[in-house]
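Visitor: File follows, input35.cif with mmCIF, C-alpha atoms:
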data_entry
#
loop_
_atom_site.group_PDB
_atom_site.id
_atom_site.type_symbol
_atom_site.label_atom_id
_atom_site.label_comp_id
_atom_site.auth_asym_id
_atom_site.auth_seq_id
_atom_site.Cartn_x
_atom_site.Cartn_y
_atom_site.Cartn_z
ATOM 1 C CA MET A 77 59.619 -22.645 11.630
ATOM 2 C CA LEU A 78 57.575 -24.643 9.110
ATOM 3 C CA GLY A 79 56.479 -27.046 11.848
ATOM 4 C CA SER A 80 55.297 -24.246 14.121
ATOM 5 C CA ARG A 81 53.352 -22.642 11.256
ATOM 6 C CA MET A 82 51.688 -25.946 10.412
ATOM 7 C CA PHE A 83 50.813 -26.490 14.070
ATOM 8 C CA LYS A 84 49.350 -22.967 14.290
ATOM 9 C CA THR A 85 47.239 -23.579 11.164
ATOM 10 C CA LEU A 86 45.991 -26.896 12.555
ATOM 11 C CA ARG A 87 45.089 -25.261 15.845
ATOM 12 C CA GLU A 88 43.161 -22.538 14.021
ATOM 13 C CA ASP A 89 41.269 -25.138 11.997
ATOM 14 C CA ILE A 90 40.344 -27.061 15.147
ATOM 15 C CA ASP A 91 39.245 -23.911 16.959
ATOM 16 C CA ALA A 92 37.122 -22.946 13.935
ATOM 17 C CA ALA A 93 35.291 -26.274 14.176
ATOM 18 C CA ILE A 94 34.674 -25.787 17.900
ATOM 19 C CA ALA A 95 33.429 -22.226 17.334
ATOM 20 C CA ARG A 96 30.901 -23.255 14.658
ATOM 21 C CA ASP A 97 29.718 -26.672 15.822
ATOM 22 C CA PRO A 98 28.011 -26.934 19.227
ATOM 23 C CA ALA A 99 28.518 -30.714 19.100
ATOM 24 C CA ALA A 100 32.297 -30.287 19.360
ATOM 25 C CA ARG A 101 33.348 -30.657 23.006
ATOM 26 C CA SER A 102 37.121 -30.668 22.821
ATOM 27 C CA ARG A 103 40.069 -30.258 20.477
ATOM 28 C CA ALA A 104 40.870 -33.939 20.861
ATOM 29 C CA GLU A 105 37.365 -34.880 19.706
ATOM 30 C CA VAL A 106 37.617 -32.635 16.645
ATOM 31 C CA LEU A 107 41.081 -33.932 15.772
ATOM 32 C CA ILE A 108 40.045 -37.579 16.023
ATOM 33 C CA CYS A 109 36.433 -37.598 14.867
ATOM 34 C CA TYR A 110 35.878 -34.816 12.317
ATOM 35 C CA PRO A 111 36.242 -35.917 8.669
ATOM 36 C CA GLY A 112 36.132 -32.301 7.506
ATOM 37 C CA LEU A 113 39.313 -31.610 9.435
ATOM 38 C CA HIS A 114 40.943 -34.804 8.170
ATOM 39 C CA ALA A 115 40.117 -33.853 4.586
ATOM 40 C CA LEU A 116 41.544 -30.376 5.136
ATOM 41 C CA ILE A 117 44.790 -31.715 6.622
ATOM 42 C CA LEU A 118 45.274 -34.110 3.731
ATOM 43 C CA HIS A 119 44.370 -31.390 1.231
ATOM 44 C CA ARG A 120 47.027 -29.073 2.609
ATOM 45 C CA ALA A 121 49.586 -31.849 2.104
ATOM 46 C CA ALA A 122 48.286 -32.638 -1.397
ATOM 47 C CA HIS A 123 48.246 -28.945 -2.315
ATOM 48 C CA GLY A 124 51.889 -28.643 -1.244
ATOM 49 C CA LEU A 125 52.798 -31.586 -3.504
ATOM 50 C CA TRP A 126 50.812 -30.048 -6.362
ATOM 51 C CA GLN A 127 52.615 -26.741 -6.069
ATOM 52 C CA ARG A 128 55.967 -28.566 -6.181
ATOM 53 C CA GLY A 129 55.049 -30.352 -9.387
ATOM 54 C CA PHE A 130 54.237 -33.774 -7.927
ATOM 55 C CA THR A 131 50.805 -33.740 -9.515
ATOM 56 C CA LEU A 132 50.235 -37.490 -9.744
ATOM 57 C CA MET A 133 51.162 -38.025 -6.094
ATOM 58 C CA ALA A 134 48.975 -35.071 -5.147
ATOM 59 C CA ARG A 135 45.999 -36.553 -7.013
ATOM 60 C CA TRP A 136 46.571 -39.928 -5.396
ATOM 61 C CA LEU A 137 46.607 -38.326 -1.948
ATOM 62 C CA SER A 138 43.406 -36.411 -2.686
ATOM 63 C CA GLN A 139 41.723 -39.633 -3.796
ATOM 64 C CA PHE A 140 42.940 -41.382 -0.659
ATOM 65 C CA SER A 141 41.416 -38.524 1.356
ATOM 66 C CA ARG A 142 38.164 -38.956 -0.578
ATOM 67 C CA PHE A 143 38.142 -42.661 0.272
ATOM 68 C CA LEU A 144 38.673 -41.925 3.983
ATOM 69 C CA THR A 145 36.379 -38.943 4.425
ATOM 70 C CA GLY A 146 33.841 -38.888 1.576
ATOM 71 C CA ILE A 147 35.034 -35.366 0.751
ATOM 72 C CA GLU A 148 36.657 -34.659 -2.607
ATOM 73 C CA ILE A 149 38.992 -31.673 -2.860
ATOM 74 C CA HIS A 150 41.163 -31.249 -5.924
ATOM 75 C CA PRO A 151 44.785 -30.662 -4.828
ATOM 76 C CA ALA A 152 44.995 -27.487 -6.946
ATOM 77 C CA ALA A 153 42.112 -25.806 -5.086
ATOM 78 C CA LYS A 154 43.169 -22.850 -2.949
ATOM 79 C CA ILE A 155 41.814 -22.790 0.606
ATOM 80 C CA GLY A 156 42.335 -20.102 3.243
ATOM 81 C CA HIS A 157 42.587 -20.195 7.019
ATOM 82 C CA ARG A 158 39.982 -21.503 9.483
ATOM 83 C CA PHE A 159 38.022 -23.339 6.806
ATOM 84 C CA PHE A 160 35.396 -25.696 8.244
ATOM 85 C CA ILE A 161 33.488 -28.472 6.500
ATOM 86 C CA ASP A 162 30.711 -29.647 8.799
ATOM 87 C CA HIS A 163 29.703 -33.304 8.304
ATOM 88 C CA GLY A 164 31.236 -33.116 4.852
ATOM 89 C CA MET A 165 30.036 -36.316 3.172
ATOM 90 C CA GLY A 166 29.610 -35.756 -0.546
ATOM 91 C CA ALA A 167 31.255 -32.327 -0.667
ATOM 92 C CA VAL A 168 33.161 -31.658 -3.901
ATOM 93 C CA ILE A 169 35.598 -28.790 -4.460
ATOM 94 C CA GLY A 170 36.889 -28.379 -8.001
ATOM 95 C CA GLU A 171 40.362 -27.703 -9.340
ATOM 96 C CA THR A 172 40.208 -23.934 -9.797
ATOM 97 C CA ALA A 173 38.023 -23.207 -6.774
ATOM 98 C CA GLU A 174 39.283 -20.561 -4.364
ATOM 99 C CA ILE A 175 38.084 -20.330 -0.771
ATOM 100 C CA GLY A 176 38.867 -17.446 1.560
ATOM 101 C CA ASP A 177 39.302 -17.359 5.324
ATOM 102 C CA ASP A 178 36.592 -18.319 7.835
ATOM 103 C CA VAL A 179 34.400 -20.044 5.236
ATOM 104 C CA THR A 180 31.964 -22.799 6.253
ATOM 105 C CA LEU A 181 30.691 -25.572 3.988
ATOM 106 C CA TYR A 182 28.212 -28.319 4.799
ATOM 107 C CA HIS A 183 27.715 -31.784 3.372
ATOM 108 C CA GLY A 184 26.711 -32.304 -0.235
ATOM 109 C CA VAL A 185 28.074 -28.954 -1.424
ATOM 110 C CA THR A 186 29.527 -28.765 -4.919
ATOM 111 C CA LEU A 187 31.892 -26.050 -6.054
ATOM 112 C CA GLY A 188 31.893 -27.166 -9.672
ATOM 113 C CA GLY A 189 32.132 -26.217 -13.309
ATOM 114 C CA ILE A 190 29.244 -25.748 -15.720
ATOM 115 C CA ALA A 191 30.411 -27.609 -18.848
ATOM 116 C CA PRO A 192 33.092 -30.105 -17.864
ATOM 117 C CA SER A 193 32.404 -32.431 -20.806
ATOM 118 C CA VAL A 194 32.282 -29.776 -23.541
ATOM 119 C CA ASN A 195 35.640 -29.177 -25.231
ATOM 120 C CA SER A 196 37.486 -30.145 -22.063
ATOM 121 C CA HIS A 197 40.913 -29.611 -23.644
ATOM 122 C CA ALA A 198 40.225 -25.890 -24.160
ATOM 123 C CA GLN A 199 39.144 -25.570 -20.522
ATOM 124 C CA ARG A 200 42.439 -26.747 -19.066
ATOM 125 C CA LEU A 201 44.255 -24.084 -17.053
ATOM 126 C CA GLN A 202 41.141 -21.896 -17.265
ATOM 127 C CA LYS A 203 39.157 -20.625 -14.300
ATOM 128 C CA ARG A 204 36.133 -22.954 -14.182
ATOM 129 C CA HIS A 205 35.088 -23.080 -10.535
ATOM 130 C CA PRO A 206 33.740 -20.592 -7.973
ATOM 131 C CA THR A 207 35.561 -18.191 -5.697
ATOM 132 C CA ILE A 208 34.149 -18.072 -2.165
ATOM 133 C CA ARG A 209 35.142 -14.936 -0.267
ATOM 134 C CA HIS A 210 35.898 -14.583 3.440
ATOM 135 C CA GLY A 211 33.244 -15.500 5.971
ATOM 136 C CA ALA A 212 30.742 -17.035 3.546
ATOM 137 C CA ILE A 213 28.519 -19.972 4.540
ATOM 138 C CA VAL A 214 27.339 -22.553 2.010
ATOM 139 C CA GLY A 215 24.428 -24.712 3.175
ATOM 140 C CA ALA A 216 23.984 -28.455 2.721
ATOM 141 C CA GLY A 217 23.376 -29.638 -0.814
ATOM 142 C CA ALA A 218 24.041 -26.246 -2.400
ATOM 143 C CA GLN A 219 25.499 -26.268 -5.897
ATOM 144 C CA ILE A 220 27.692 -23.307 -6.836
ATOM 145 C CA LEU A 221 28.646 -23.668 -10.466
ATOM 146 C CA GLY A 222 30.987 -21.855 -12.806
ATOM 147 C CA PRO A 223 33.683 -19.193 -12.388
ATOM 148 C CA ILE A 224 31.479 -16.952 -10.254
ATOM 149 C CA THR A 225 32.188 -15.125 -7.013
ATOM 150 C CA VAL A 226 30.330 -15.454 -3.730
ATOM 151 C CA GLY A 227 30.980 -12.248 -1.809
ATOM 152 C CA GLU A 228 32.232 -11.840 1.737
ATOM 153 C CA GLU A 229 29.807 -12.831 4.504
ATOM 154 C CA ALA A 230 27.325 -14.128 1.920
ATOM 155 C CA ARG A 231 24.934 -16.951 2.801
ATOM 156 C CA ILE A 232 23.963 -19.706 0.362
ATOM 157 C CA GLY A 233 20.883 -21.552 1.600
ATOM 158 C CA ALA A 234 20.632 -25.339 1.650
ATOM 159 C CA ASN A 235 19.949 -26.945 -1.759
ATOM 160 C CA SER A 236 20.309 -23.656 -3.619
ATOM 161 C CA VAL A 237 21.701 -23.699 -7.153
ATOM 162 C CA VAL A 238 23.853 -20.640 -7.810
ATOM 163 C CA VAL A 239 25.199 -19.770 -11.269
ATOM 164 C CA LYS A 240 25.590 -15.987 -10.905
ATOM 165 C CA ASP A 241 27.758 -13.774 -8.724
ATOM 166 C CA VAL A 242 26.494 -13.198 -5.191
ATOM 167 C CA PRO A 243 27.070 -9.761 -3.621
ATOM 168 C CA ALA A 244 28.809 -9.446 -0.274
ATOM 169 C CA GLY A 245 26.438 -9.943 2.644
ATOM 170 C CA ALA A 246 23.595 -11.323 0.513
ATOM 171 C CA THR A 247 21.540 -14.416 1.321
ATOM 172 C CA VAL A 248 20.671 -16.625 -1.649
ATOM 173 C CA ILE A 249 17.984 -19.298 -1.594
ATOM 174 C CA GLY A 250 16.128 -21.462 -4.093
ATOM 175 C CA ASN A 251 16.701 -23.028 -7.484
ATOM 176 C CA PRO A 252 17.763 -21.081 -9.395
ATOM 177 C CA GLY A 253 19.337 -19.106 -6.582
ATOM 178 C CA ARG A 254 17.674 -15.782 -5.809
ATOM 179 C CA ILE A 255 18.739 -13.101 -3.376
ATOM 180 C CA CYS A 256 16.538 -13.015 -0.298
ATOM 181 C CA PRO A 257 14.881 -9.558 -0.212
ATOM 182 C CA ALA A 258 14.976 -7.328 2.840
ATOM 183 C CA GLY A 259 12.213 -8.092 5.283
ATOM 184 C CA ALA A 260 11.831 -11.709 4.187
ATOM 185 C CA GLY A 261 13.370 -13.196 7.316
ATOM 186 C CA CYS A 262 17.051 -12.671 6.499
ATOM 187 C CA LYS A 263 19.264 -11.825 9.424
ATOM 188 C CA ASP A 264 22.307 -9.614 9.633
ATOM 189 C CA SER A 265 24.920 -11.340 7.496
ATOM 190 C CA HIS A 266 27.447 -11.144 10.327
ATOM 191 C CA GLU A 267 25.397 -13.600 12.365
ATOM 192 C CA PHE A 268 26.313 -17.239 11.921
ATOM 193 C CA GLU A 269 23.493 -19.150 10.238
ATOM 194 C CA ALA A 270 23.529 -22.929 10.272
ATOM 195 C CA TYR A 271 23.452 -24.346 6.746
ATOM 196 C CA GLY A 272 23.507 -20.797 5.377
ATOM 197 C CA THR A 273 19.738 -20.592 5.829
ATOM 198 C CA PRO A 274 18.024 -18.054 8.119
ATOM 199 C CA THR A 275 16.231 -19.869 10.908
ATOM 200 C CA SER A 276 13.508 -17.260 11.308
ATOM 201 C CA GLU A 277 10.414 -17.408 9.119
ATOM 202 C CA LEU A 278 11.686 -17.207 5.588
ATOM 203 C CA VAL A 279 9.770 -17.254 2.334
ATOM 204 C CA ASP A 280 11.370 -17.891 -1.027
ATOM 205 C CA PRO A 281 11.138 -14.660 -3.074
ATOM 206 C CA LEU A 282 9.536 -16.618 -5.922
ATOM 207 C CA VAL A 283 6.945 -17.983 -3.510
ATOM 208 C CA ARG A 284 6.335 -14.447 -2.222
ATOM 209 C CA GLY A 285 5.758 -13.288 -5.788
ATOM 210 C CA MET A 286 3.395 -16.189 -6.486
ATOM 211 C CA ASP A 287 1.482 -15.484 -3.278
ATOM 212 C CA ALA A 288 1.129 -11.821 -4.258
ATOM 213 C CA LEU A 289 -0.041 -12.849 -7.717
ATOM 214 C CA LEU A 290 -2.581 -15.296 -6.305
ATOM 215 C CA GLU A 291 -3.843 -12.636 -3.913
ATOM 216 C CA LYS A 292 -4.280 -10.234 -6.822
ATOM 217 C CA VAL A 293 -6.050 -12.862 -8.923
ATOM 218 C CA THR A 294 -8.368 -13.644 -6.005
ATOM 219 C CA SER A 295 -9.144 -9.937 -5.617
ATOM 220 C CA LEU A 296 -9.834 -9.574 -9.341
ATOM 221 C CA GLN A 297 -12.040 -12.677 -9.337
ATOM 222 C CA ALA A 298 -14.070 -11.247 -6.473
ATOM 223 C CA ARG A 299 -14.477 -8.009 -8.421
ATOM 224 C CA VAL A 300 -15.555 -9.905 -11.539
ATOM 225 C CA ASP A 301 -18.091 -11.873 -9.488
ATOM 226 C CA GLU A 302 -19.448 -8.619 -8.078
ATOM 227 C CA LEU A 303 -19.750 -7.063 -11.540
ATOM 228 C CA GLU A 304 -21.470 -10.182 -12.861
ATOM 229 C CA LYS A 305 -23.943 -10.030 -9.977
ATOM 230 C CA GLN A 306 -24.668 -6.375 -10.696
ATOM 231 C CA SER A 307 -25.089 -7.165 -14.389
ATOM 232 C CA ASN A 308 -27.515 -10.000 -13.602
ATOM 233 C CA ASP A 309 -29.498 -7.755 -11.240
ATOM 234 C CA MET A 310 -29.767 -5.077 -13.918
ATOM 235 C CA ARG A 311 -30.891 -7.636 -16.485
ATOM 236 C CA VAL A 312 -33.537 -9.000 -14.101
ATOM 237 C CA ARG A 313 -34.821 -5.480 -13.385
ATOM 238 C CA SER A 314 -34.932 -4.715 -17.081
ATOM 239 C CA GLU A 315 -36.939 -7.856 -17.756
ATOM 240 C CA VAL A 316 -39.360 -7.053 -14.942
ATOM 241 C CA GLU A 317 -39.852 -3.505 -16.228
ATOM 242 C CA LEU A 318 -40.326 -4.822 -19.748
ATOM 243 C CA HIS A 319 -43.076 -7.225 -18.666
ATOM 244 C CA ALA A 320 -44.725 -4.474 -16.622
ATOM 245 C CA VAL A 321 -45.300 -2.318 -19.748
ATOM 246 C CA PRO A 322 -48.544 -3.235 -21.663
ATOM 247 C CA ALA A 323 -48.033 -4.825 -25.017
ATOM 248 C CA GLN A 324 -48.640 -2.758 -28.177
ATOM 249 C CA ASP A 325 -51.614 -4.938 -29.170
ATOM 250 C CA ASP A 326 -53.347 -4.127 -25.885
ATOM 251 C CA ILE A 327 -52.901 -0.400 -26.396
ATOM 252 C CA GLU A 328 -54.185 -0.027 -29.966
ATOM 253 C CA PRO A 329 -57.884 -1.091 -29.404
ATOM 254 C CA ALA A 330 -58.259 1.404 -26.603
ATOM 255 C CA ARG A 331 -56.815 4.142 -28.742
ATOM 256 C CA VAL A 332 -59.035 3.212 -31.675
ATOM 257 C CA SER A 333 -62.228 3.129 -29.580
ATOM 258 C CA LYS A 334 -61.602 6.618 -28.368
ATOM 259 C CA ILE A 335 -61.272 7.835 -31.894
#
Now, as a test, write the supplied structure out as structure tokens.
Guide:
Amino acid sequence: MLGSRMFKTLREDIDAAIARDPAARSRAEVLICYPGLHALILHRAAHGLWQRGFTLMARWLSQFSRFLTGIEIHPAAKIGHRFFIDHGMGAVIGETAEIGDDVTLYHGVTLGGIAPSVNSHAQRLQKRHPTIRHGAIVGAGAQILGPITVGEEARIGANSVVVKDVPAGATVIGNPGRICPAGAGCKDSHEFEAYGTPTSELVDPLVRGMDALLEKVTSLQARVDELEKQSNDMRVRSEVELHAVPAQDDIEPARVSKI
């Protein structure tokens, strides 16, 4: 019974890799060549040891997996079904991280804590790492830090730094991570997006704000230039009119002679 369940889980993990990676041509190729799958298999074994109290052996196995695959997963981390780590090199998943079903991670992702060196004793057995809900995608190089939650079907763009909760279905990009506004190139969250980043034209919301600000400043500068031109024209006209009026000294003799 246990063997059949393990085989079913392995088959699901392999099929998940084939479904999400167009480079995967067969189950045999995924089983032999994909370090993300190898790391997941070894993690499931290490997690089983951890749950049974064999913590040192579990840590050794996780470090052996790290040596083989370049992927570090703490044996206490909880991982759901059909989890896929594409490429995987440099990915780090912390002790209290929780990952739901059908989640995709890319290389260089960190699911980490925010103050691991500050009063570390008080942090033991505390929730310090993120929770990634079902169907989320975390792009390459993204850093998700602290005991936050990334909602179901959320998308974390490549190289984003996320330190706040992400709502279900949202797309987060940038550093610090900001939710991609509607109409900024974000697709339906149910569509698979490589590296968690929309492939259509996408502008960082901060960049959009800066562009709007620059456009406003340019408009105001043009208005100021126009007002300055009008002011100069009025000054020139005033000077011309002033020179056109006879001086007081020229007027007095004429007035006196008439008298």
Visitor: Using the chain letters and numbering of this document, enumerate as a PyMOL selection string the residues selected by the PyMOL selection byres ((chain A and resi 208-223) around 7).
Guide: chain A and resi 174-190+203-207+224-239+271-273
Visitor: Would you compute the distance between atom CA of Val312 of chain A and atom CA of Leu296 of chain A? Give it in Å to one decimal.
Guide: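 Between atom CA of Val312 of chain A and atom CA of Leu296 of chain A the gap is 24.2 Å.
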Visitor: Counting all atoms listed in the file, which of A:Lys292, A:Arg158, A:Lys305, A:Lys240 gets nearest to Ala92 of chain A?
Guide: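 Answer, going by the shortest atom-to-atom distance: A:Arg158.
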Visitor: Find the residue from A:Asp287, A:Glu302, A:Asp162, A:Glu317 that sits nearest to Cys109 of chain A; use all atoms listed in the file when measuring.
Guide: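 Going through A:Asp287, A:Glu302, A:Asp162, A:Glu317 one by one, the smallest distance to Cys109 of chain A is for A:Asp162.
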Visitor: Kindly compute an axis-aligned box around the listed atoms of segment 286-292 of chain A, allowing 8 Å on each side, and express its centre and edge lengths in Å to one decimal as AutoDock Vina command-line options.
Guide:
--center_x -0.4 --center_y -13.2 --center_z -5.5 --size_x 23.7 --size_y 22.0 --size_z 20.4
Visitor: Since I can't run it myself right now, could you work out what the PyMOL selection byres ((chain A and resi 170) around 6) selects here and report it as a PyMOL selection string?
Guide: chain A and resi 150+169+171-173+187-188
Visitor: Quick check on the file I pasted: which residues fall under the PyMOL selection byres ((chain A and resi 110) around 12)? Write them as number ranges by chain.
Guide: A: 89-90, 93-94, 97, 99-109, 111-117, 144-147, 160-165
Visitor: Of the candidates A:Val293, A:Pro151, A:Gly285, A:Gln202, which one gets nearest to Pro257 of chain A if we count only C-alpha atoms?
Guide: A:Gly285
Visitor: Tell me, in Å to one decimal, how far atom CA of Ser141 of chain A is from atom CA of His119 of chain A.
Guide: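 Atom-to-atom, atom CA of Ser141 of chain A to atom CA of His119 of chain A, that is 7.7 Å.
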